[in-house]
file structure_19.cif (mmCIF, C-alpha atoms (C1' of nucleotides))
data_query
loop_
_atom_site.label_atom_id
_atom_site.label_comp_id
_atom_site.auth_asym_id
_atom_site.auth_seq_id
_atom_site.Cartn_x
_atom_site.Cartn_y
_atom_site.Cartn_z
CA MET A 55 -3.74 53.88 24.57
CA THR A 56 -4.97 55.35 21.38
CA LYS A 57 -1.71 56.02 19.67
CA THR A 58 -0.81 54.13 16.54
CA ASP A 59 1.07 51.29 18.19
CA THR A 60 2.44 48.96 15.52
CA LEU A 61 -0.90 49.03 13.72
CA PRO A 62 -0.77 45.81 11.71
CA PRO A 63 -2.65 46.43 8.50
CA ILE A 64 -3.22 42.79 7.63
CA ALA A 65 -3.54 39.82 9.96
CA HIS A 66 -1.48 36.75 9.21
CA PRO A 67 -1.16 33.60 11.28
CA ALA A 68 2.12 33.07 13.04
CA ARG A 69 4.22 30.17 11.86
CA GLU A 70 3.06 28.04 14.76
CA GLU A 71 -0.52 28.81 13.90
CA ILE A 72 -0.30 27.24 10.47
CA THR A 73 -1.88 23.80 10.19
CA VAL A 74 -1.42 21.16 7.53
CA GLU A 75 -5.09 20.78 7.03
CA GLY A 76 -5.54 24.49 6.50
CA VAL A 77 -2.76 24.56 3.94
CA LEU A 78 -4.08 21.52 2.12
CA ARG A 79 -7.57 22.95 2.08
CA ALA A 80 -6.23 26.24 0.75
CA LEU A 81 -4.31 24.51 -2.03
CA ALA A 82 -7.17 22.20 -2.97
CA ASP A 83 -8.74 24.67 -5.35
CA PRO A 84 -7.76 25.31 -8.97
CA VAL A 85 -7.88 29.09 -8.67
CA ARG A 86 -5.81 29.21 -5.50
CA LEU A 87 -3.39 26.65 -6.87
CA ALA A 88 -2.92 28.87 -9.92
CA ILE A 89 -2.22 31.83 -7.67
CA VAL A 90 0.37 29.89 -5.70
CA ARG A 91 1.98 28.63 -8.89
CA GLN A 92 2.31 32.14 -10.23
CA LEU A 93 3.80 33.40 -7.00
CA ALA A 94 6.24 30.50 -6.92
CA ALA A 95 7.16 30.83 -10.58
CA THR A 96 8.19 34.46 -10.30
CA GLY A 97 9.53 34.18 -6.78
CA GLN A 98 8.46 37.76 -6.27
CA GLU A 99 5.56 39.72 -4.94
CA ILE A 100 2.57 40.11 -7.22
CA ALA A 101 -0.21 42.64 -6.84
CA CYS A 102 -3.81 41.44 -6.98
CA GLY A 103 -4.22 42.95 -10.41
CA GLY A 104 -1.10 41.21 -11.63
CA LEU A 105 -2.50 37.75 -10.97
CA THR A 106 -4.00 35.94 -13.93
CA VAL A 107 -7.09 34.13 -12.72
CA PRO A 108 -10.46 33.51 -14.38
CA VAL A 109 -12.56 35.12 -11.64
CA THR A 110 -13.77 38.58 -10.75
CA LYS A 111 -12.00 40.91 -8.35
CA SER A 112 -14.27 40.12 -5.45
CA THR A 113 -13.75 36.39 -5.85
CA LEU A 114 -10.03 36.92 -6.11
CA THR A 115 -10.10 38.85 -2.84
CA HIS A 116 -11.98 35.93 -1.33
CA HIS A 117 -9.34 33.42 -2.45
CA LEU A 118 -6.47 35.57 -1.32
CA GLY A 119 -8.14 35.85 2.06
CA ILE A 120 -8.26 32.10 2.37
CA LEU A 121 -4.66 31.72 1.30
CA ARG A 122 -3.63 34.39 3.78
CA GLN A 123 -5.63 32.86 6.63
CA ALA A 124 -4.08 29.49 5.92
CA GLY A 125 -0.63 31.04 6.10
CA VAL A 126 0.24 30.29 2.50
CA VAL A 127 0.64 33.84 1.28
CA ALA A 128 1.54 37.11 2.93
CA GLY A 129 0.20 40.50 1.97
CA ARG A 130 1.94 43.84 2.07
CA GLN A 131 0.06 47.05 1.58
CA GLU A 132 1.64 49.88 -0.38
CA GLY A 133 -0.66 52.70 -1.21
CA THR A 134 -3.73 51.25 -2.84
CA THR A 135 -1.79 48.25 -4.05
CA ARG A 136 -1.52 45.01 -2.13
CA PHE A 137 1.50 42.88 -2.85
CA ASN A 138 1.17 39.15 -2.26
CA SER A 139 4.05 36.81 -1.68
CA LEU A 140 4.44 33.14 -0.96
CA ARG A 141 5.47 32.26 2.61
CA ARG A 142 7.98 29.78 1.35
CA ASN A 143 10.25 29.92 4.38
CA ASP A 144 7.47 29.14 6.81
CA LEU A 145 5.93 26.42 4.68
CA ASP A 146 9.25 24.73 3.94
CA ALA A 147 10.15 24.83 7.62
CA LEU A 148 6.85 23.37 8.77
CA PHE A 149 6.16 20.91 5.97
CA PRO A 150 9.43 20.23 4.17
CA GLY A 151 8.83 18.99 0.67
CA LEU A 152 5.14 19.66 0.60
CA LEU A 153 5.23 22.83 -1.48
CA ASP A 154 7.91 21.52 -3.80
CA GLY A 155 5.94 18.35 -4.34
CA VAL A 156 2.85 20.31 -5.22
CA LEU A 157 4.62 22.75 -7.52
CA ALA A 158 6.60 20.04 -9.30
CA ALA A 159 3.42 18.25 -10.24
CA PRO A 160 2.57 18.49 -13.93
CA ARG A 161 -1.11 18.51 -13.04
CA MET B 51 -15.42 -13.29 -24.67
CA THR B 52 -17.15 -13.56 -21.39
CA LYS B 53 -14.45 -15.31 -19.44
CA THR B 54 -13.20 -13.77 -16.24
CA ASP B 55 -10.37 -11.70 -17.69
CA THR B 56 -8.51 -10.01 -14.86
CA LEU B 57 -11.82 -8.95 -13.31
CA PRO B 58 -10.81 -5.93 -11.23
CA PRO B 59 -13.14 -5.81 -8.27
CA ILE B 60 -12.46 -2.20 -7.38
CA ALA B 61 -11.67 0.65 -9.74
CA HIS B 62 -8.59 2.70 -9.07
CA PRO B 63 -7.13 5.50 -11.17
CA ALA B 64 -3.94 4.70 -13.02
CA ARG B 65 -0.87 6.56 -11.93
CA GLU B 66 -1.17 8.97 -14.84
CA GLU B 67 -4.72 9.67 -13.87
CA ILE B 68 -3.83 11.03 -10.45
CA THR B 69 -3.94 14.81 -10.16
CA VAL B 70 -2.41 17.05 -7.57
CA GLU B 71 -5.63 18.85 -6.95
CA GLY B 72 -7.47 15.59 -6.40
CA VAL B 73 -4.89 14.43 -3.90
CA LEU B 74 -4.89 17.75 -2.07
CA ARG B 75 -8.65 17.78 -1.94
CA ALA B 76 -8.66 14.24 -0.62
CA LEU B 77 -6.16 15.08 2.10
CA ALA B 78 -7.88 18.31 3.11
CA ASP B 79 -10.22 16.66 5.57
CA PRO B 80 -9.46 15.68 9.15
CA VAL B 81 -11.05 12.24 8.89
CA ARG B 82 -9.27 11.34 5.67
CA LEU B 83 -6.01 12.74 6.97
CA ALA B 84 -6.38 10.52 10.01
CA ILE B 85 -6.93 7.51 7.78
CA VAL B 86 -3.84 8.29 5.72
CA ARG B 87 -1.80 8.82 8.85
CA GLN B 88 -2.80 5.45 10.23
CA LEU B 89 -2.01 3.72 6.97
CA ALA B 90 1.36 5.44 6.80
CA ALA B 91 2.17 4.76 10.43
CA THR B 92 1.71 1.03 10.17
CA GLY B 93 2.95 0.76 6.62
CA GLN B 94 0.55 -2.11 6.15
CA GLU B 95 -2.92 -2.77 4.94
CA ILE B 96 -5.74 -1.95 7.31
CA ALA B 97 -9.30 -3.18 7.04
CA CYS B 98 -12.12 -0.67 7.28
CA GLY B 99 -13.00 -1.89 10.74
CA GLY B 100 -9.41 -1.52 11.83
CA LEU B 101 -9.36 2.20 11.19
CA THR B 102 -9.98 4.45 14.16
CA VAL B 103 -12.16 7.32 13.01
CA PRO B 104 -14.98 9.19 14.75
CA VAL B 105 -17.59 8.54 12.09
CA THR B 106 -20.08 5.84 11.24
CA LYS B 107 -19.43 3.00 8.83
CA SER B 108 -21.29 4.63 5.98
CA THR B 109 -19.34 7.86 6.33
CA LEU B 110 -16.12 5.89 6.48
CA THR B 111 -17.05 4.16 3.25
CA HIS B 112 -17.67 7.56 1.72
CA HIS B 113 -14.24 8.86 2.76
CA LEU B 114 -12.46 5.75 1.57
CA GLY B 115 -14.18 6.13 -1.77
CA ILE B 116 -12.85 9.66 -2.12
CA LEU B 117 -9.35 8.59 -1.14
CA ARG B 118 -9.50 5.73 -3.62
CA GLN B 119 -10.83 7.91 -6.43
CA ALA B 120 -8.08 10.42 -5.80
CA GLY B 121 -5.51 7.65 -6.04
CA VAL B 122 -4.32 8.00 -2.47
CA VAL B 123 -5.32 4.56 -1.22
CA ALA B 124 -5.82 1.20 -2.85
CA GLY B 125 -8.37 -1.38 -1.81
CA ARG B 126 -8.09 -5.13 -1.92
CA GLN B 127 -11.06 -7.34 -1.29
CA GLU B 128 -10.65 -10.56 0.64
CA GLY B 129 -13.85 -12.25 1.60
CA THR B 130 -16.04 -9.72 3.32
CA THR B 131 -13.04 -7.72 4.41
CA ARG B 132 -11.60 -4.85 2.43
CA PHE B 133 -7.96 -4.07 3.02
CA ASN B 134 -6.82 -0.54 2.38
CA SER B 135 -3.26 0.48 1.68
CA LEU B 136 -1.48 3.71 0.91
CA ARG B 137 -0.29 4.14 -2.68
CA ARG B 138 3.03 5.43 -1.52
CA ASN B 139 4.97 4.41 -4.59
CA ASP B 140 2.67 6.22 -6.97
CA LEU B 141 2.36 9.32 -4.82
CA ASP B 142 6.08 9.58 -4.19
CA ALA B 143 6.79 9.15 -7.88
CA LEU B 144 4.29 11.79 -8.96
CA PHE B 145 4.70 14.32 -6.16
CA PRO B 146 8.01 13.66 -4.45
CA GLY B 147 8.03 15.05 -0.95
CA LEU B 148 4.36 15.87 -0.77
CA LEU B 149 3.26 12.92 1.31
CA ASP B 150 6.29 13.06 3.56
CA GLY B 151 5.73 16.74 4.11
CA VAL B 152 2.14 16.15 5.10
CA LEU B 153 2.90 13.22 7.36
CA ALA B 154 5.82 14.92 9.06
CA ALA B 155 3.59 17.81 10.08
CA PRO B 156 2.85 17.90 13.79
CA ARG B 157 -0.60 19.26 13.04
"C1'" DG C 62 -30.15 -23.27 6.34
"C1'" DT C 63 -29.47 -19.62 9.82
"C1'" DC C 64 -27.17 -16.18 11.96
"C1'" DG C 65 -23.73 -12.71 12.69
"C1'" DT C 66 -20.28 -9.72 10.79
"C1'" DA C 67 -18.09 -6.52 7.11
"C1'" DG C 68 -18.96 -3.27 4.24
"C1'" DT C 69 -21.84 -0.75 0.57
"C1'" DT C 70 -25.77 1.85 -1.18
"C1'" DC C 71 -29.40 5.00 -0.78
"C1'" DG C 72 -31.88 9.01 0.39
"C1'" DA C 73 -31.96 13.07 3.29
"C1'" DC C 74 -30.29 17.02 5.66
"C1'" DA C 75 -27.34 20.76 7.34
"C1'" DG C 76 -23.29 23.32 6.66
"C1'" DT C 77 -19.81 25.14 3.85
"C1'" DC C 78 -17.95 27.18 -0.36
"C1'" DA C 79 -17.12 29.40 -4.83
"C1'" DC C 80 -19.01 32.76 -7.38
"C1'" DC C 81 -21.02 37.10 -8.69
"C1'" DG C 82 -22.66 42.13 -8.70
"C1'" DT C 83 -22.93 46.18 -6.23
"C1'" DA C 84 -21.53 49.39 -2.96
"C1'" DC C 85 -17.81 51.09 -0.43
"C1'" DT C 86 -13.07 52.84 1.16
"C1'" DA C 87 -8.48 54.47 0.27
"C1'" DC C 88 -4.92 56.31 -2.30
"C1'" DG C 89 -2.77 59.04 -6.11
"C1'" DC C 90 -3.08 62.41 -9.76
"C1'" DC C 91 -5.03 66.34 -12.28
"C1'" DG D 109 -11.75 69.60 -4.82
"C1'" DG D 110 -12.75 66.00 -8.41
"C1'" DC D 111 -11.78 61.79 -10.72
"C1'" DG D 112 -9.93 57.26 -11.73
"C1'" DT D 113 -7.95 53.10 -10.01
"C1'" DA D 114 -6.92 49.13 -6.50
"C1'" DG D 115 -8.86 46.44 -3.66
"C1'" DT D 116 -12.36 45.20 0.15
"C1'" DA D 117 -16.98 44.31 2.28
"C1'" DC D 118 -21.55 42.79 1.87
"C1'" DG D 119 -25.56 40.17 0.52
"C1'" DG D 120 -27.29 36.49 -2.13
"C1'" DT D 121 -27.38 32.14 -4.68
"C1'" DG D 122 -26.45 27.60 -6.45
"C1'" DA D 123 -23.55 23.69 -5.91
"C1'" DC D 124 -20.99 20.69 -3.38
"C1'" DT D 125 -19.83 17.96 0.87
"C1'" DG D 126 -19.75 15.64 5.34
"C1'" DT D 127 -22.81 13.40 8.15
"C1'" DC D 128 -26.20 10.09 9.53
"C1'" DG D 129 -29.67 6.08 9.74
"C1'" DA D 130 -31.78 2.39 7.51
"C1'" DA D 131 -31.85 -1.05 4.15
"C1'" DC D 132 -29.12 -4.09 1.49
"C1'" DT D 133 -25.48 -7.61 -0.17
"C1'" DA D 134 -21.85 -10.93 0.62
"C1'" DC D 135 -19.14 -13.95 3.06
"C1'" DG D 136 -18.03 -17.20 6.94
"C1'" DA D 137 -19.23 -20.06 10.96
"C1'" DC D 138 -22.31 -22.97 13.32
#
call {"tool": "encode", "arguments": {"input": "structure_19.cif", "output": "structure tokens"}}
result
Amino acid sequence: MTKTDTLPPIAHPAREEITVEGVLRALADPVRLAIVRQLAATGQEIACGGLTVPVTKSTLTHHLGILRQAGVVAGRQEGTTRFNSLRRNDLDALFPGLLDGVLAAPR
Amino acid sequence: MTKTDTLPPIAHPAREEITVEGVLRALADPVRLAIVRQLAATGQEIACGGLTVPVTKSTLTHHLGILRQAGVVAGRQEGTTRFNSLRRNDLDALFPGLLDGVLAAPR
DNA sequence: GTCGTAGTTCGACAGTCACCGTACTACGCC
DNA sequence: GGCGTAGTACGGTGACTGTCGAACTACGAC
């Protein structure tokens, strides 16, 4: 059928699809770690333009894509703005303590 | 003086030298994750030859070097055998919950 | 001394990755 | 409609990384 059934704008992995290795690989980059830290610090959604990272827009899109594919962040489209949020519930449920351990680290 | 003062055979980072990013990067590889899992499962030292990994000896040496540099594992030389152990104390002190979260993950 | 075993070192090679600039789409406002 | 802004897609490039085989060192046993 050609009607607009559900029409998911962005693809995210289901909770069961998230793997430790994918998450670790996603977090093992200074830029992505900075993104996650900012999302965790505010505890709110942040638009791409609201993230403070030392890379260009295209590179930022690249990193957000990796974080999204790994199941670390979720994206919500609203107009031309894309709001990113941390999938804390899923990560804490799958890997309890992991995210807190990473975020608590001084460096 | 040229006497044998302490004479550390293998160089490991001090606890303060360990960084989150380094640890994450070290763990973000299936082979290294398998090594860490085996070390954690037994809770004891394991010689290089006692590790079950699908790579050659030289590649295994390479991975152990990365894990050691990151401060994840410690190596102790005894004759021609090198015993590897998990630096659980240091990791738990620096990043509480991180290692447990990783190890508890089903995949 | 000789031999076998444990592990490291040294290129070399293929694949991946972070990064960028440019071009493009989509939305909102005038 | 026309324009500016938000973000994505694409193509390319340099750097890093995982992998291997072969050569090497070091220790222990015979």
call {"tool": "calpha_fit_and_write", "arguments": {"input": "structure_19.cif", "fixed": "chain A", "moving": "chain B", "output": "PDB file with C-alpha atoms, keeping the file's coordinate frame"}}
result
ATOM      1  CA  MET B  51      -2.055  54.006  24.980  1.00  0.00           C
ATOM      2  CA  THR B  52      -3.576  54.937  21.717  1.00  0.00           C
ATOM      3  CA  LYS B  53      -0.428  55.565  19.755  1.00  0.00           C
ATOM      4  CA  THR B  54       0.135  53.700  16.534  1.00  0.00           C
ATOM      5  CA  ASP B  55       1.990  50.705  17.945  1.00  0.00           C
ATOM      6  CA  THR B  56       3.064  48.468  15.087  1.00  0.00           C
ATOM      7  CA  LEU B  57      -0.411  48.742  13.559  1.00  0.00           C
ATOM      8  CA  PRO B  58      -0.619  45.584  11.450  1.00  0.00           C
ATOM      9  CA  PRO B  59      -2.841  46.376   8.510  1.00  0.00           C
ATOM     10  CA  ILE B  60      -3.570  42.783   7.589  1.00  0.00           C
ATOM     11  CA  ALA B  61      -3.893  39.822   9.922  1.00  0.00           C
ATOM     12  CA  HIS B  62      -1.811  36.773   9.211  1.00  0.00           C
ATOM     13  CA  PRO B  63      -1.497  33.610  11.279  1.00  0.00           C
ATOM     14  CA  ALA B  64       1.771  33.137  13.106  1.00  0.00           C
ATOM     15  CA  ARG B  65       3.912  30.271  11.977  1.00  0.00           C
ATOM     16  CA  GLU B  66       2.746  28.122  14.873  1.00  0.00           C
ATOM     17  CA  GLU B  67      -0.812  28.814  13.929  1.00  0.00           C
ATOM     18  CA  ILE B  68      -0.517  27.253  10.492  1.00  0.00           C
ATOM     19  CA  THR B  69      -2.039  23.793  10.177  1.00  0.00           C
ATOM     20  CA  VAL B  70      -1.476  21.168   7.559  1.00  0.00           C
ATOM     21  CA  GLU B  71      -5.139  20.713   6.955  1.00  0.00           C
ATOM     22  CA  GLY B  72      -5.625  24.431   6.444  1.00  0.00           C
ATOM     23  CA  VAL B  73      -2.812  24.562   3.929  1.00  0.00           C
ATOM     24  CA  LEU B  74      -4.068  21.502   2.076  1.00  0.00           C
ATOM     25  CA  ARG B  75      -7.565  22.886   1.979  1.00  0.00           C
ATOM     26  CA  ALA B  76      -6.254  26.184   0.684  1.00  0.00           C
ATOM     27  CA  LEU B  77      -4.267  24.494  -2.064  1.00  0.00           C
ATOM     28  CA  ALA B  78      -7.079  22.155  -3.081  1.00  0.00           C
ATOM     29  CA  ASP B  79      -8.643  24.586  -5.509  1.00  0.00           C
ATOM     30  CA  PRO B  80      -7.591  25.244  -9.089  1.00  0.00           C
ATOM     31  CA  VAL B  81      -7.772  29.026  -8.791  1.00  0.00           C
ATOM     32  CA  ARG B  82      -5.766  29.162  -5.581  1.00  0.00           C
ATOM     33  CA  LEU B  83      -3.277  26.654  -6.919  1.00  0.00           C
ATOM     34  CA  ALA B  84      -2.804  28.879  -9.940  1.00  0.00           C
ATOM     35  CA  ILE B  85      -2.172  31.854  -7.685  1.00  0.00           C
ATOM     36  CA  VAL B  86       0.411  29.952  -5.658  1.00  0.00           C
ATOM     37  CA  ARG B  87       2.085  28.726  -8.809  1.00  0.00           C
ATOM     38  CA  GLN B  88       2.415  32.238 -10.157  1.00  0.00           C
ATOM     39  CA  LEU B  89       3.815  33.514  -6.893  1.00  0.00           C
ATOM     40  CA  ALA B  90       6.294  30.654  -6.764  1.00  0.00           C
ATOM     41  CA  ALA B  91       7.280  31.015 -10.397  1.00  0.00           C
ATOM     42  CA  THR B  92       8.254  34.643 -10.107  1.00  0.00           C
ATOM     43  CA  GLY B  93       9.525  34.393  -6.566  1.00  0.00           C
ATOM     44  CA  GLN B  94       8.380  37.950  -6.056  1.00  0.00           C
ATOM     45  CA  GLU B  95       5.418  39.851  -4.811  1.00  0.00           C
ATOM     46  CA  ILE B  96       2.483  40.172  -7.161  1.00  0.00           C
ATOM     47  CA  ALA B  97      -0.354  42.645  -6.851  1.00  0.00           C
ATOM     48  CA  CYS B  98      -3.911  41.379  -7.083  1.00  0.00           C
ATOM     49  CA  GLY B  99      -4.289  42.873 -10.527  1.00  0.00           C
ATOM     50  CA  GLY B 100      -1.106  41.194 -11.651  1.00  0.00           C
ATOM     51  CA  LEU B 101      -2.452  37.721 -11.037  1.00  0.00           C
ATOM     52  CA  THR B 102      -3.887  35.896 -14.017  1.00  0.00           C
ATOM     53  CA  VAL B 103      -6.978  34.043 -12.867  1.00  0.00           C
ATOM     54  CA  PRO B 104     -10.304  33.384 -14.595  1.00  0.00           C
ATOM     55  CA  VAL B 105     -12.464  34.940 -11.908  1.00  0.00           C
ATOM     56  CA  THR B 106     -13.754  38.369 -11.017  1.00  0.00           C
ATOM     57  CA  LYS B 107     -12.073  40.734  -8.594  1.00  0.00           C
ATOM     58  CA  SER B 108     -14.392  39.893  -5.739  1.00  0.00           C
ATOM     59  CA  THR B 109     -13.799  36.171  -6.128  1.00  0.00           C
ATOM     60  CA  LEU B 110     -10.076  36.791  -6.293  1.00  0.00           C
ATOM     61  CA  THR B 111     -10.270  38.712  -3.043  1.00  0.00           C
ATOM     62  CA  HIS B 112     -12.112  35.778  -1.531  1.00  0.00           C
ATOM     63  CA  HIS B 113      -9.426  33.297  -2.610  1.00  0.00           C
ATOM     64  CA  LEU B 114      -6.603  35.500  -1.415  1.00  0.00           C
ATOM     65  CA  GLY B 115      -8.321  35.761   1.938  1.00  0.00           C
ATOM     66  CA  ILE B 116      -8.411  31.987   2.252  1.00  0.00           C
ATOM     67  CA  LEU B 117      -4.770  31.675   1.248  1.00  0.00           C
ATOM     68  CA  ARG B 118      -3.822  34.358   3.749  1.00  0.00           C
ATOM     69  CA  GLN B 119      -5.857  32.809   6.556  1.00  0.00           C
ATOM     70  CA  ALA B 120      -4.254  29.457   5.884  1.00  0.00           C
ATOM     71  CA  GLY B 121      -0.831  31.059   6.120  1.00  0.00           C
ATOM     72  CA  VAL B 122       0.121  30.322   2.538  1.00  0.00           C
ATOM     73  CA  VAL B 123       0.478  33.898   1.320  1.00  0.00           C
ATOM     74  CA  ALA B 124       1.284  37.184   2.977  1.00  0.00           C
ATOM     75  CA  GLY B 125      -0.118  40.542   1.978  1.00  0.00           C
ATOM     76  CA  ARG B 126       1.550  43.912   2.111  1.00  0.00           C
ATOM     77  CA  GLN B 127      -0.378  47.081   1.522  1.00  0.00           C
ATOM     78  CA  GLU B 128       1.200  49.930  -0.389  1.00  0.00           C
ATOM     79  CA  GLY B 129      -1.138  52.707  -1.309  1.00  0.00           C
ATOM     80  CA  THR B 130      -4.127  51.200  -3.027  1.00  0.00           C
ATOM     81  CA  THR B 131      -2.103  48.231  -4.157  1.00  0.00           C
ATOM     82  CA  ARG B 132      -1.833  45.011  -2.210  1.00  0.00           C
ATOM     83  CA  PHE B 133       1.245  42.928  -2.837  1.00  0.00           C
ATOM     84  CA  ASN B 134       0.980  39.223  -2.231  1.00  0.00           C
ATOM     85  CA  SER B 135       3.902  36.935  -1.570  1.00  0.00           C
ATOM     86  CA  LEU B 136       4.344  33.266  -0.838  1.00  0.00           C
ATOM     87  CA  ARG B 137       5.306  32.386   2.739  1.00  0.00           C
ATOM     88  CA  ARG B 138       7.893  29.956   1.540  1.00  0.00           C
ATOM     89  CA  ASN B 139      10.091  30.144   4.600  1.00  0.00           C
ATOM     90  CA  ASP B 140       7.293  29.306   6.988  1.00  0.00           C
ATOM     91  CA  LEU B 141       5.831  26.570   4.820  1.00  0.00           C
ATOM     92  CA  ASP B 142       9.178  24.940   4.155  1.00  0.00           C
ATOM     93  CA  ALA B 143      10.018  25.036   7.841  1.00  0.00           C
ATOM     94  CA  LEU B 144       6.716  23.517   8.925  1.00  0.00           C
ATOM     95  CA  PHE B 145       6.131  21.045   6.105  1.00  0.00           C
ATOM     96  CA  PRO B 146       9.437  20.431   4.370  1.00  0.00           C
ATOM     97  CA  GLY B 147       8.915  19.169   0.861  1.00  0.00           C
ATOM     98  CA  LEU B 148       5.204  19.787   0.707  1.00  0.00           C
ATOM     99  CA  LEU B 149       5.280  22.955  -1.343  1.00  0.00           C
ATOM    100  CA  ASP B 150       8.023  21.710  -3.620  1.00  0.00           C
ATOM    101  CA  GLY B 151       6.120  18.514  -4.190  1.00  0.00           C
ATOM    102  CA  VAL B 152       3.008  20.417  -5.145  1.00  0.00           C
ATOM    103  CA  LEU B 153       4.799  22.870  -7.391  1.00  0.00           C
ATOM    104  CA  ALA B 154       6.859  20.215  -9.128  1.00  0.00           C
ATOM    105  CA  ALA B 155       3.701  18.383 -10.148  1.00  0.00           C
ATOM    106  CA  PRO B 156       2.961  18.613 -13.852  1.00  0.00           C
ATOM    107  CA  ARG B 157      -0.743  18.639 -13.081  1.00  0.00           C
TER     108      ARG B 157
END
call {"tool": "resolve_selection", "arguments": {"input": "structure_19.cif", "expression": "the PyMOL selection byres ((chain C) within 10 of (chain A))", "output": "short mmCIF file (atom, residue, chain, number, x, y, z; two decimals) with C-alpha atoms (C1' of nucleotides), in the frame of the given file"}}
result
data_model
loop_
_atom_site.label_atom_id
_atom_site.label_comp_id
_atom_site.auth_asym_id
_atom_site.auth_seq_id
_atom_site.Cartn_x
_atom_site.Cartn_y
_atom_site.Cartn_z
"C1'" DA C 79 -17.12 29.40 -4.83
"C1'" DC C 80 -19.01 32.76 -7.38
"C1'" DC C 81 -21.02 37.10 -8.69
"C1'" DG C 82 -22.66 42.13 -8.70
"C1'" DA C 87 -8.48 54.47 0.27
"C1'" DC C 88 -4.92 56.31 -2.30
"C1'" DG C 89 -2.77 59.04 -6.11
#
call {"tool": "closest_atom_pairs", "arguments": {"input": "structure_19.cif", "of": "chain A", "to": "chain B", "cutoff": "8 Å", "atoms": "only C-alpha atoms", "output": "Markdown table"}}
result
| residue | atom | partner | partner_atom | distance |
| --- | --- | --- | --- | --- |
| A:Thr73 | CA | B:Arg157 | CA | 5.5 |
| A:Val74 | CA | B:Arg157 | CA | 5.9 |
| A:Glu75 | CA | B:Ala78 | CA | 5.4 |
| A:Gly76 | CA | B:Ala78 | CA | 7.4 |
| A:Leu78 | CA | B:Ala78 | CA | 5.1 |
| A:Arg79 | CA | B:Ala78 | CA | 4.8 |
| A:Leu81 | CA | B:Leu74 | CA | 6.8 |
| A:Ala82 | CA | B:Arg75 | CA | 4.8 |
| A:Asp83 | CA | B:Glu71 | CA | 6.8 |
| A:Pro84 | CA | B:Glu71 | CA | 7.1 |
| A:Leu148 | CA | B:Ala155 | CA | 6.6 |
| A:Phe149 | CA | B:Gly151 | CA | 4.6 |
| A:Pro150 | CA | B:Gly151 | CA | 5.1 |
| A:Gly151 | CA | B:Gly147 | CA | 4.3 |
| A:Leu152 | CA | B:Leu148 | CA | 4.1 |
| A:Leu153 | CA | B:Leu148 | CA | 7.1 |
| A:Asp154 | CA | B:Gly147 | CA | 7.1 |
| A:Gly155 | CA | B:Phe145 | CA | 4.6 |
| A:Val156 | CA | B:Phe145 | CA | 6.3 |
| A:Ala158 | CA | B:Phe145 | CA | 6.8 |
| A:Ala159 | CA | B:Phe145 | CA | 5.8 |
| A:Arg161 | CA | B:Thr69 | CA | 5.5 |
call {"tool": "write_last_selection", "arguments": {"input": "structure_19.cif", "atoms": "C-alpha atoms", "output": "mmCIF file, keeping the file's coordinate frame"}}
result
data_model
loop_
_atom_site.group_PDB
_atom_site.id
_atom_site.type_symbol
_atom_site.label_atom_id
_atom_site.label_comp_id
_atom_site.auth_asym_id
_atom_site.auth_seq_id
_atom_site.Cartn_x
_atom_site.Cartn_y
_atom_site.Cartn_z
ATOM 1 C CA THR A 73 -1.880 23.800 10.190
ATOM 2 C CA VAL A 74 -1.420 21.160 7.530
ATOM 3 C CA GLU A 75 -5.090 20.780 7.030
ATOM 4 C CA GLY A 76 -5.540 24.490 6.500
ATOM 5 C CA LEU A 78 -4.080 21.520 2.120
ATOM 6 C CA ARG A 79 -7.570 22.950 2.080
ATOM 7 C CA LEU A 81 -4.310 24.510 -2.030
ATOM 8 C CA ALA A 82 -7.170 22.200 -2.970
ATOM 9 C CA ASP A 83 -8.740 24.670 -5.350
ATOM 10 C CA PRO A 84 -7.760 25.310 -8.970
ATOM 11 C CA LEU A 148 6.850 23.370 8.770
ATOM 12 C CA PHE A 149 6.160 20.910 5.970
ATOM 13 C CA PRO A 150 9.430 20.230 4.170
ATOM 14 C CA GLY A 151 8.830 18.990 0.670
ATOM 15 C CA LEU A 152 5.140 19.660 0.600
ATOM 16 C CA LEU A 153 5.230 22.830 -1.480
ATOM 17 C CA ASP A 154 7.910 21.520 -3.800
ATOM 18 C CA GLY A 155 5.940 18.350 -4.340
ATOM 19 C CA VAL A 156 2.850 20.310 -5.220
ATOM 20 C CA ALA A 158 6.600 20.040 -9.300
ATOM 21 C CA ALA A 159 3.420 18.250 -10.240
ATOM 22 C CA ARG A 161 -1.110 18.510 -13.040
#
call {"tool": "residues_near_point", "arguments": {"input": "structure_19.cif", "point": "(-34.9, 8.2, 2.4)", "cutoff": "12 Å", "atoms": "only C-alpha atoms (C1' of nucleotides)", "output": "JSON, numbers by chain"}}
result
{"C": [70, 71, 72, 73, 74], "D": [128, 129, 130, 131]}
call {"tool": "resolve_selection", "arguments": {"input": "structure_19.cif", "expression": "the PyMOL selection byres ((chain D and resi 135) around 12)", "output": "mmCIF file with C-alpha atoms (C1' of nucleotides), in the coordinates of the input"}}
result
data_model
loop_
_atom_site.group_PDB
_atom_site.id
_atom_site.type_symbol
_atom_site.label_atom_id
_atom_site.label_comp_id
_atom_site.auth_asym_id
_atom_site.auth_seq_id
_atom_site.Cartn_x
_atom_site.Cartn_y
_atom_site.Cartn_z
ATOM 1 C CA GLN B 127 -11.060 -7.340 -1.290
ATOM 2 C CA GLU B 128 -10.650 -10.560 0.640
ATOM 3 C CA GLY B 129 -13.850 -12.250 1.600
ATOM 4 C CA THR B 130 -16.040 -9.720 3.320
ATOM 5 C CA THR B 131 -13.040 -7.720 4.410
ATOM 6 C CA ARG B 132 -11.600 -4.850 2.430
ATOM 7 C "C1'" DG C 65 -23.730 -12.710 12.690
ATOM 8 C "C1'" DT C 66 -20.280 -9.720 10.790
ATOM 9 C "C1'" DA C 67 -18.090 -6.520 7.110
ATOM 10 C "C1'" DG C 68 -18.960 -3.270 4.240
ATOM 11 C "C1'" DT D 133 -25.480 -7.610 -0.170
ATOM 12 C "C1'" DA D 134 -21.850 -10.930 0.620
ATOM 13 C "C1'" DG D 136 -18.030 -17.200 6.940
ATOM 14 C "C1'" DA D 137 -19.230 -20.060 10.960
#
